[in-house]
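Structure file run-v3.txt (compact mmCIF, C-alpha atoms and all ligand atoms) is printed below.
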# COMPACT_ATOMS: atom_id res chain seq x y z
CA MET A 1 -14.39 -18.84 -11.90
CA THR A 2 -16.56 -15.87 -12.82
CA LEU A 3 -16.04 -12.36 -11.52
CA PHE A 4 -18.91 -12.53 -9.05
CA ASP A 5 -17.76 -15.89 -7.54
CA ASN A 6 -14.23 -14.64 -7.00
CA PRO A 7 -13.63 -14.75 -3.21
CA ALA A 8 -11.99 -11.32 -3.49
CA PHE A 9 -15.06 -9.75 -5.16
CA GLU A 10 -16.58 -8.58 -1.85
CA GLY A 11 -19.24 -6.26 -3.22
CA HIS A 12 -17.15 -4.23 -5.66
CA GLU A 13 -19.15 -1.39 -7.21
CA GLY A 14 -17.41 -1.72 -10.56
CA VAL A 15 -14.72 -3.75 -12.31
CA HIS A 16 -13.59 -2.41 -15.68
CA SER A 17 -11.28 -4.17 -18.14
CA PHE A 18 -9.60 -2.52 -21.12
CA TYR A 19 -7.60 -3.83 -24.10
CA ASP A 20 -5.77 -1.78 -26.72
CA GLU A 21 -4.32 -3.72 -29.63
CA PRO A 22 -1.77 -1.17 -30.96
CA THR A 23 -0.01 -0.70 -27.62
CA GLY A 24 -0.82 -4.13 -26.14
CA LEU A 25 -2.34 -2.52 -23.02
CA LYS A 26 -4.34 -4.96 -20.94
CA CYS A 27 -5.60 -3.43 -17.75
CA ILE A 28 -8.23 -3.83 -15.06
CA ILE A 29 -9.53 -0.94 -12.96
CA ALA A 30 -11.39 -2.14 -9.86
CA VAL A 31 -13.60 0.23 -7.89
CA HIS A 32 -14.50 -1.30 -4.54
CA SER A 33 -16.31 1.59 -2.92
CA THR A 34 -17.10 5.24 -3.58
CA ALA A 35 -19.00 5.66 -0.29
CA ARG A 36 -16.37 8.04 1.15
CA GLY A 37 -15.58 9.75 -2.18
CA PRO A 38 -14.11 8.86 -5.57
CA ALA A 39 -12.03 5.67 -5.48
CA GLY A 40 -8.33 6.39 -5.00
CA GLY A 41 -5.51 3.89 -5.42
CA GLY A 42 -2.32 3.12 -7.26
CA CYS A 43 -1.65 1.54 -10.62
CA ARG A 44 0.48 -1.63 -10.56
CA MET A 45 2.28 -3.14 -13.57
CA TRP A 46 3.14 -6.81 -13.10
CA PRO A 47 3.67 -9.85 -15.36
CA TYR A 48 0.67 -11.79 -14.02
CA PRO A 49 0.57 -15.39 -15.29
CA ASP A 50 -3.03 -14.97 -16.48
CA ALA A 51 -6.01 -12.63 -16.37
CA GLU A 52 -7.52 -14.39 -13.35
CA ALA A 53 -4.41 -13.70 -11.25
CA ALA A 54 -4.54 -10.04 -12.33
CA LEU A 55 -8.23 -9.79 -11.49
CA THR A 56 -7.78 -11.33 -8.04
CA ASP A 57 -4.88 -8.98 -7.29
CA ALA A 58 -6.88 -5.94 -8.47
CA LEU A 59 -9.87 -6.93 -6.32
CA ARG A 60 -7.81 -7.61 -3.17
CA LEU A 61 -5.82 -4.40 -3.54
CA SER A 62 -8.89 -2.31 -4.32
CA ARG A 63 -10.79 -3.51 -1.24
CA ALA A 64 -7.68 -2.86 0.85
CA MET A 65 -7.70 0.73 -0.46
CA SER A 66 -11.26 1.22 0.83
CA TYR A 67 -10.09 0.08 4.25
CA LYS A 68 -6.86 2.08 4.07
CA ASN A 69 -8.56 5.31 3.04
CA ALA A 70 -11.20 4.87 5.74
CA MET A 71 -8.51 4.35 8.40
CA ALA A 72 -6.54 7.35 7.09
CA ASP A 73 -9.78 9.35 7.35
CA ILE A 74 -9.53 10.85 3.87
CA ASP A 75 -12.41 11.60 1.51
CA LEU A 76 -11.58 8.83 -0.93
CA GLY A 77 -13.15 5.45 -1.62
CA GLY A 78 -11.13 2.40 -2.62
CA GLY A 79 -9.92 1.41 -6.08
CA LYS A 80 -6.87 0.02 -7.82
CA SER A 81 -5.67 -0.55 -11.36
CA VAL A 82 -3.41 -3.31 -12.66
CA ILE A 83 -1.63 -3.43 -16.01
CA ILE A 84 -0.69 -6.93 -17.15
CA GLY A 85 2.90 -6.79 -18.40
CA ASP A 86 6.58 -6.73 -17.56
CA SER A 87 7.52 -3.25 -16.38
CA ARG A 88 11.14 -3.77 -17.46
CA THR A 89 10.39 -4.61 -21.12
CA GLN A 90 6.81 -3.70 -22.03
CA LYS A 91 6.45 -0.05 -21.05
CA THR A 92 5.97 2.63 -23.69
CA PRO A 93 4.74 6.22 -23.44
CA ALA A 94 1.86 5.28 -25.78
CA LEU A 95 0.78 2.45 -23.46
CA PHE A 96 0.52 4.85 -20.53
CA GLU A 97 -1.32 7.40 -22.67
CA VAL A 98 -3.93 4.77 -23.45
CA PHE A 99 -4.05 3.88 -19.74
CA GLY A 100 -4.75 7.56 -19.06
CA ARG A 101 -7.68 7.44 -21.49
CA CYS A 102 -9.06 4.38 -19.66
CA VAL A 103 -8.95 6.30 -16.36
CA GLU A 104 -10.55 9.33 -18.04
CA ALA A 105 -13.34 7.12 -19.39
CA LEU A 106 -14.47 6.46 -15.81
CA GLY A 107 -15.19 10.17 -15.46
CA GLY A 108 -13.61 10.68 -12.04
CA ARG A 109 -14.92 7.55 -10.27
CA TYR A 110 -11.26 6.47 -9.95
CA TRP A 111 -8.10 8.54 -9.36
CA GLY A 112 -4.87 6.68 -10.22
CA ALA A 113 -1.39 7.05 -8.72
CA GLU A 114 1.90 5.15 -8.63
CA ASP A 115 2.34 1.59 -7.37
CA VAL A 116 4.75 -1.31 -7.95
CA GLY A 117 6.25 -1.25 -11.46
CA VAL A 118 4.94 2.24 -12.28
CA THR A 119 6.94 5.47 -11.93
CA PRO A 120 5.97 9.15 -11.83
CA GLN A 121 7.45 9.39 -15.37
CA ASP A 122 4.99 6.75 -16.61
CA LEU A 123 2.14 8.58 -14.95
CA ALA A 124 3.19 11.84 -16.61
CA HIS A 125 2.28 10.19 -19.96
CA ALA A 126 -1.09 9.07 -18.55
CA ARG A 127 -1.70 12.53 -17.15
CA THR A 128 -1.62 14.03 -20.67
CA GLN A 129 -4.90 12.15 -21.24
CA SER A 130 -6.62 12.42 -17.86
CA ARG A 131 -6.86 14.89 -15.01
CA TYR A 132 -7.60 11.95 -12.70
CA ILE A 133 -3.93 10.91 -12.54
CA VAL A 134 -2.09 12.10 -9.43
CA GLY A 135 1.19 11.79 -7.53
CA LEU A 136 3.09 13.96 -9.99
CA ASP A 137 5.50 16.88 -10.09
CA GLY A 138 5.36 20.12 -12.00
CA HIS A 139 2.08 21.87 -11.16
CA PRO A 140 1.05 23.94 -8.11
CA ALA A 141 -1.22 21.22 -6.69
CA ALA A 142 1.33 18.43 -7.32
CA SER A 143 2.25 16.19 -4.38
CA GLY A 144 5.27 14.46 -5.95
CA ASP A 145 6.49 10.92 -5.30
CA PRO A 146 4.34 9.36 -2.54
CA SER A 147 6.94 6.74 -1.52
CA PRO A 148 8.97 8.85 0.98
CA VAL A 149 5.71 9.87 2.67
CA THR A 150 4.57 6.24 2.83
CA ALA A 151 7.95 5.36 4.37
CA ASP A 152 7.52 8.21 6.89
CA GLY A 153 4.17 6.81 8.08
CA VAL A 154 5.62 3.29 8.27
CA PHE A 155 8.59 4.59 10.24
CA ARG A 156 6.41 6.35 12.81
CA GLY A 157 4.12 3.32 13.23
CA LEU A 158 7.03 0.89 13.42
CA ARG A 159 8.60 3.00 16.17
CA LEU A 160 5.31 2.97 18.10
CA CYS A 161 5.09 -0.84 17.82
CA VAL A 162 8.68 -1.22 19.07
CA GLN A 163 7.91 1.03 22.03
CA ARG A 164 4.84 -1.10 22.83
CA ALA A 165 6.47 -4.51 22.30
CA LEU A 166 9.94 -3.86 23.70
CA GLY A 167 9.55 -0.76 25.86
CA ARG A 168 12.41 1.04 24.10
CA ASP A 169 13.25 3.22 21.11
CA LEU A 170 14.87 2.21 17.82
CA ASP A 171 18.50 2.84 18.74
CA GLY A 172 20.29 -0.53 18.65
CA ILE A 173 17.23 -2.48 17.44
CA THR A 174 17.68 -4.76 14.41
CA VAL A 175 15.12 -4.48 11.61
CA ALA A 176 14.95 -7.02 8.75
CA ILE A 177 13.60 -5.36 5.60
CA GLN A 178 12.22 -7.50 2.77
CA GLY A 179 12.34 -5.38 -0.40
CA VAL A 180 14.34 -2.16 -0.69
CA GLY A 181 12.49 -0.50 -3.56
CA ASN A 182 10.80 2.89 -3.33
CA VAL A 183 9.35 2.44 0.17
CA GLY A 184 11.90 0.00 1.61
CA ARG A 185 14.93 2.13 0.80
CA HIS A 186 13.45 5.29 2.28
CA LEU A 187 12.45 3.31 5.38
CA ALA A 188 16.01 1.94 5.61
CA ASP A 189 17.41 5.49 5.57
CA ARG A 190 15.04 6.64 8.32
CA LEU A 191 15.79 3.61 10.51
CA HIS A 192 19.52 4.01 9.99
CA ALA A 193 19.32 7.67 11.01
CA ALA A 194 17.44 6.58 14.18
CA GLY A 195 20.25 4.20 15.14
CA ALA A 196 18.66 0.90 14.09
CA LYS A 197 20.75 -1.94 12.62
CA LEU A 198 19.51 -3.34 9.34
CA VAL A 199 19.36 -6.68 7.55
CA VAL A 200 18.06 -6.27 3.99
CA THR A 201 17.17 -8.30 0.95
CA ASP A 202 15.79 -7.76 -2.53
CA VAL A 203 15.64 -9.76 -5.73
CA ASN A 204 17.23 -6.68 -7.32
CA GLU A 205 20.92 -6.86 -6.38
CA ALA A 206 21.65 -3.26 -7.38
CA ALA A 207 18.94 -2.00 -5.00
CA VAL A 208 20.52 -4.00 -2.15
CA ALA A 209 24.02 -2.72 -2.94
CA ASP A 210 22.76 0.85 -2.88
CA VAL A 211 21.18 0.52 0.58
CA VAL A 212 24.17 -1.39 1.97
CA ALA A 213 26.49 1.40 0.80
CA ARG A 214 24.36 4.10 2.45
CA THR A 215 23.44 2.40 5.73
CA GLY A 216 25.96 -0.38 6.36
CA ALA A 217 23.10 -2.90 6.31
CA LYS A 218 23.84 -6.60 6.22
CA ALA A 219 22.57 -8.17 2.98
CA VAL A 220 21.05 -11.65 2.84
CA ALA A 221 19.52 -13.76 0.06
CA PRO A 222 15.76 -13.26 -0.49
CA GLY A 223 14.83 -16.64 1.01
CA ALA A 224 17.00 -16.07 4.10
CA ILE A 225 15.34 -12.85 5.31
CA PHE A 226 12.79 -14.84 7.35
CA ASP A 227 15.63 -16.44 9.36
CA ALA A 228 17.47 -13.18 10.15
CA GLU A 229 17.92 -12.42 13.86
CA ALA A 230 15.91 -9.21 14.23
CA GLU A 231 13.44 -7.57 16.62
CA VAL A 232 11.36 -6.23 13.71
CA PHE A 233 10.37 -7.78 10.39
CA ALA A 234 9.41 -5.14 7.81
CA PRO A 235 7.75 -6.54 4.66
CA CYS A 236 8.26 -3.94 1.91
CA ALA A 237 8.11 -6.12 -1.22
CA LEU A 238 4.90 -7.69 -2.52
CA GLY A 239 1.95 -9.15 -0.59
CA GLY A 240 1.62 -12.48 1.21
CA ALA A 241 5.02 -12.44 2.98
CA ILE A 242 3.59 -13.80 6.25
CA THR A 243 2.40 -17.37 5.78
CA ALA A 244 2.01 -20.46 7.96
CA GLU A 245 5.42 -21.50 6.60
CA THR A 246 7.35 -18.22 7.07
CA LEU A 247 5.85 -17.14 10.43
CA PRO A 248 7.58 -19.80 12.61
CA ARG A 249 10.93 -18.75 11.12
CA LEU A 250 10.63 -15.14 12.33
CA SER A 251 12.44 -14.21 15.55
CA ALA A 252 10.87 -10.72 15.48
CA LYS A 253 8.51 -9.36 18.13
CA VAL A 254 7.07 -6.81 15.67
CA ILE A 255 5.87 -7.07 12.07
CA ALA A 256 5.58 -3.60 10.55
CA GLY A 257 6.26 -2.72 6.92
CA GLY A 258 4.99 -0.93 3.84
CA ALA A 259 3.75 -3.82 1.67
CA ASN A 260 0.05 -4.28 1.02
CA ASN A 261 -1.76 -7.51 1.98
CA GLN A 262 1.10 -8.88 4.11
CA LEU A 263 -0.86 -11.69 5.77
CA ALA A 264 -1.52 -14.69 3.53
CA ASP A 265 -4.89 -15.21 5.27
CA ALA A 266 -6.83 -14.50 8.47
CA ASP A 267 -5.52 -17.70 10.15
CA VAL A 268 -2.00 -16.30 9.92
CA GLY A 269 -3.20 -13.12 11.66
CA ARG A 270 -4.51 -15.23 14.54
CA ALA A 271 -1.24 -17.21 14.65
CA VAL A 272 0.79 -13.97 14.83
CA PHE A 273 -1.32 -12.85 17.79
CA ALA A 274 -1.05 -16.24 19.51
CA ARG A 275 2.75 -15.99 19.31
CA GLY A 276 2.63 -12.71 21.24
CA MET A 277 3.92 -10.62 18.33
CA ILE A 278 2.64 -7.16 17.44
CA TYR A 279 1.48 -6.90 13.84
CA ALA A 280 0.85 -3.37 12.56
CA PRO A 281 -2.02 -3.90 10.10
CA ASP A 282 -0.54 -3.02 6.71
CA TYR A 283 -3.29 -0.71 5.55
CA VAL A 284 -3.26 1.25 8.81
CA LEU A 285 0.51 1.73 8.58
CA ASN A 286 1.12 2.41 4.89
CA GLY A 287 -1.49 5.12 4.23
CA GLY A 288 1.07 7.98 4.04
CA GLY A 289 1.32 7.83 0.24
CA ILE A 290 -2.41 7.94 -0.38
CA ILE A 291 -2.75 10.74 2.16
CA ASN A 292 -0.18 12.68 0.13
CA VAL A 293 -2.13 11.92 -3.05
CA ALA A 294 -5.38 12.97 -1.33
CA GLY A 295 -3.65 16.28 -0.57
CA GLU A 296 -3.05 16.73 -4.30
CA ILE A 297 -6.67 15.87 -5.19
CA ARG A 298 -7.86 18.30 -2.52
CA ALA A 299 -5.70 21.07 -3.99
CA LEU A 300 -6.79 20.28 -7.57
CA GLU A 301 -10.48 20.33 -6.64
CA ALA A 302 -10.05 23.65 -4.81
CA GLY A 303 -7.83 25.11 -7.55
CA GLY A 304 -5.22 25.80 -4.87
CA LEU A 305 -1.75 24.80 -3.75
CA PHE A 306 -0.61 21.50 -2.24
CA ASP A 307 -0.53 21.89 1.54
CA PRO A 308 2.13 19.72 3.28
CA SER A 309 0.82 20.71 6.74
CA TRP A 310 -2.55 19.04 5.97
CA VAL A 311 -0.63 15.84 5.06
CA GLU A 312 1.43 16.05 8.25
CA GLY A 313 -1.75 16.37 10.34
CA LYS A 314 -3.31 13.31 8.68
CA ILE A 315 -0.17 11.20 9.18
CA THR A 316 -0.07 12.13 12.86
CA GLN A 317 -3.75 11.13 13.07
CA MET A 318 -3.00 7.83 11.24
CA THR A 319 -0.35 6.93 13.84
CA ALA A 320 -2.89 7.71 16.58
CA THR A 321 -5.36 5.36 14.84
CA LEU A 322 -2.69 2.64 14.90
CA ALA A 323 -2.28 3.26 18.64
CA GLU A 324 -6.05 2.83 19.05
CA VAL A 325 -5.90 -0.50 17.15
CA LEU A 326 -3.03 -1.73 19.37
CA ASP A 327 -4.88 -0.64 22.54
CA ARG A 328 -8.07 -2.42 21.53
CA SER A 329 -6.19 -5.54 20.47
CA ALA A 330 -4.55 -5.72 23.89
CA ALA A 331 -7.75 -4.90 25.82
CA GLU A 332 -9.97 -7.32 23.88
CA ALA A 333 -7.29 -10.02 23.36
CA ARG A 334 -7.93 -10.03 19.59
CA PRO A 335 -5.55 -9.92 16.61
CA THR A 336 -4.77 -6.40 15.42
CA ASN A 337 -5.89 -7.17 11.87
CA GLU A 338 -9.36 -8.18 13.10
CA VAL A 339 -9.67 -5.02 15.20
CA ALA A 340 -8.57 -2.85 12.26
CA ASP A 341 -11.00 -4.59 9.87
CA GLN A 342 -13.84 -3.98 12.31
CA ILE A 343 -13.07 -0.26 12.61
CA ALA A 344 -12.63 0.12 8.84
CA ARG A 345 -15.92 -1.70 8.09
CA ALA A 346 -17.76 0.48 10.60
CA ARG A 347 -16.35 3.64 8.98
CA LEU A 348 -17.36 2.41 5.51
CA ALA A 349 -20.85 1.43 6.66
CA ALA A 350 -21.33 4.85 8.26
CA ALA A 351 -20.24 6.58 5.01
CA LYS A 352 -22.64 4.40 2.99
CA GLN A 353 -25.50 5.20 5.33
CA ALA A 354 -24.74 8.92 5.21
CA ARG A 355 -24.67 8.80 1.40
CA GLN A 356 -28.00 6.95 1.26
CA ALA A 357 -29.55 9.40 3.72
CA ALA A 358 -28.39 12.32 1.57
CA ALA A 359 -29.70 10.78 -1.70
P1 LIG B 1 8.95 -1.17 -5.54
O1 LIG B 1 8.62 -2.00 -6.74
O2 LIG B 1 9.69 0.11 -5.71
O3 LIG B 1 9.73 -2.05 -4.45
C1 LIG B 1 9.45 -3.38 -4.20
C2 LIG B 1 10.79 -4.07 -4.09
O4 LIG B 1 10.57 -5.41 -3.67
C3 LIG B 1 11.53 -4.13 -5.43
O5 LIG B 1 12.83 -3.60 -5.27
C4 LIG B 1 11.53 -5.61 -5.77
O6 LIG B 1 12.70 -6.02 -6.48
C5 LIG B 1 11.47 -6.24 -4.40
N1 LIG B 1 10.96 -7.61 -4.36
C6 LIG B 1 9.95 -8.16 -5.07
N2 LIG B 1 9.79 -9.46 -4.73
C7 LIG B 1 10.72 -9.71 -3.77
C8 LIG B 1 11.04 -10.85 -3.01
N3 LIG B 1 10.40 -12.02 -3.16
N4 LIG B 1 12.05 -10.77 -2.10
C9 LIG B 1 12.73 -9.61 -1.94
N5 LIG B 1 12.45 -8.49 -2.64
C10 LIG B 1 11.47 -8.54 -3.55
O7 LIG B 1 7.52 -0.89 -4.81
P2 LIG B 1 7.23 0.11 -3.64
O8 LIG B 1 6.57 1.31 -4.21
O9 LIG B 1 8.43 0.25 -2.77
O10 LIG B 1 6.11 -0.71 -2.86
C11 LIG B 1 6.47 -1.78 -1.99
C12 LIG B 1 5.20 -2.31 -1.33
O11 LIG B 1 4.58 -1.26 -0.61
C13 LIG B 1 4.15 -2.83 -2.29
O12 LIG B 1 3.46 -3.90 -1.68
C14 LIG B 1 3.22 -1.64 -2.48
O13 LIG B 1 1.93 -2.04 -2.87
C15 LIG B 1 3.23 -1.09 -1.07
N6 LIG B 1 2.90 0.33 -0.98
C16 LIG B 1 3.62 1.26 -1.64
C17 LIG B 1 3.28 2.61 -1.49
C18 LIG B 1 4.09 3.69 -2.16
O14 LIG B 1 3.91 4.87 -1.80
N7 LIG B 1 4.99 3.38 -3.07
C19 LIG B 1 2.20 2.98 -0.69
C20 LIG B 1 1.49 1.99 -0.01
C21 LIG B 1 1.85 0.67 -0.16

Kindly present the structure from the file in structure tokens form.
Amino acid sequence: MTLFDNPAFEGHEGVHSFYDEPTGLKCIIAVHSTARGPAGGGCRMWPYPDAEAALTDALRLSRAMSYKNAMADIDLGGGKSVIIGDSRTQKTPALFEVFGRCVEALGGRYWGAEDVGVTPQDLAHARTQSRYIVGLDGHPAASGDPSPVTADGVFRGLRLCVQRALGRDLDGITVAIQGVGNVGRHLADRLHAAGAKLVVTDVNEAAVADVVARTGAKAVAPGAIFDAEAEVFAPCALGGAITAETLPRLSAKVIAGGANNQLADADVGRAVFARGMIYAPDYVLNGGGIINVAGEIRALEAGGLFDPSWVEGKITQMTATLAEVLDRSAAEARPTNEVADQIARARLAAAKQARQAAA
């Protein structure tokens, strides 16, 4: 398969691959769209089986960032970077410095932040080589770790979906969380504080033990999370959790979590709708982190301070956009993911048109 035949290609403006022999860095930076502004999206480090798997992941995630940023109504296009490697054994400061130089080479077409397998400490090494690395601490414009803000947006949207599906608040509701990493554990804390009961899983046993100790959650094996009795299923691990095989096992009335690309394909989205469940489209729900990062970019560009009240306003607006998606889904009897895609595409097309008109 060539790049242009890849089903995930979908009109990407640029796809850049980099290799550095001394550090072993192999990375792909995908820029889907700069119609709304420079492409913004996280950097993921993952032991992909081959370059094609890495490319497909970069393309799918990058396009999702265009949609996410459009739905969050921030002045960023969509992009994503992936580093091929095992984040537990193959990270070095030098590798992230070279990654920083790769980002710098794109001259501001892409701004990189944290994603799965990459920490703010890693990004601090990249930042020494590029001003287009964000989501850091230690300077006046810095926005810090985006994960708690992502979890905050997911929490608010999840609560809205529960109110719509069950006509009640979170107190006494059971939520099954798949993956208690950066986003999942913060979400668990928020849900626990709101009186929800939790069932959790993770392939990382220490992460599970930590959340169980703090929240009294019930722990189950990774494969058993789909069979947990729960009103809400919250995917917070990697993509593709909802498949034709896993969907019939869910007892939940709501699917709402932080993971990107939760639906294996569009057919699954239709099946979720046909079962009468509410699915909060992932990229409408999990935009809190990129909103936080956009706040940092905004402050850097203006030479000013990070403004948490701007972030708060955008997250409130994002939850209102989710409400609009749920309303239209109900009124038009269409799956939420199709409604969200339609709104996102319209916003992107309008930005493209405005850019062409201004050129
Ligand atoms: P993370 O790596 O900190 O957490 C993911 C967790 O999922 C890890 O603890 C991992 O062990 C676990 N996991 C992986 N495969 C699993 C499986 N099969 N079963 C159970 N657990 C499994 O990453 P994160 O930053 O928390 O991100 C989680 C998801 O949210 C990702 O899809 C990411 O792209 C998305 N996301 C994150 C942010 C953010 O601000 N961090 C923003 C938007 C979207």

7 Å contact set for stretch 250-267 of chain A, only C-alpha atoms, chain neighbours under 4 positions out, as an NGL selection string
:A and (151 or 154 or 158 or 161-162 or 165 or 183 or 226-227 or 229-243 or 246 or 271 or 277-280 or 282-283 or 286)

Residue nearest ligand LIG 1 (chain B) among A:Gln121, A:Gln163, A:Ser17, A:Gln178 (counting all atoms listed in the file)
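Looking only at the distances to ligand LIG 1 (chain B), the closest residue turns out to be A:Gln178.
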
Tell me which protein, DNA and RNA residues are within 8 Å of stretch 309-323 of chain A, counting all atoms listed in the file, leaving out same-chain ones fewer than 4 positions away, and put them as a ChimeraX atom specification.
/A:71-73,153,156-157,160,280,284-285,287-288,291-292,295,327

Have a look at A:Gly112, A:Pro49, A:Gly24, A:Gly181 and name the one nearest to ligand LIG 1 (chain B); count all atoms listed in the file.
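Checking each of A:Gly112, A:Pro49, A:Gly24, A:Gly181 against ligand LIG 1 (chain B), counting all atoms listed in the file, the winner is A:Gly181.
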
To test the calculation: enclose all listed atoms of ligand LIG 1 (chain B) in a box whose edges run along x, y and z, add 8 Å on each side, then state centre and edge lengths in Å to one decimal, as lines of an AutoDock Vina configuration file.
center_x = 7.2
center_y = -3.6
center_z = -3.4
size_x = 27.3
size_y = 32.9
size_z = 22.7

Sphere at (-6.1, -2.1, -20.1), radius 7 Å, counting all atoms listed in the file: residues as a VMD selection string
chain A and resid 17 to 20 25 to 28 83 99

Pick out the closest residue to A:Val98 from this set: A:Val220, A:Ala299, A:Ala51, A:Leu123. Count all atoms listed in the file.
A:Leu123

Within 12 Å of A:Gly107, counting all atoms listed in the file, which residues show up once you throw out same-chain ones fewer than 6 positions away? Write them as a list of chain:residue names, please.
A:Pro38, A:Ala39, A:Gly100, A:Arg101, A:Gln129, A:Ser130, A:Arg131, A:Tyr132, A:Ile133

Looking at A:Ala213, A:Ala351, A:Ala64, A:Ala196, which one is nearest to A:Glu10, with distances taken over only C-alpha atoms?
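With only C-alpha atoms as the atom set, the closest residue is A:Ala64.
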
Please report the interatomic distance between atom C8 of ligand LIG 1 (chain B) and atom CA of A:Gly179 in Å with one decimal.
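Rounded to one decimal, the two atoms are 6.2 Å apart.
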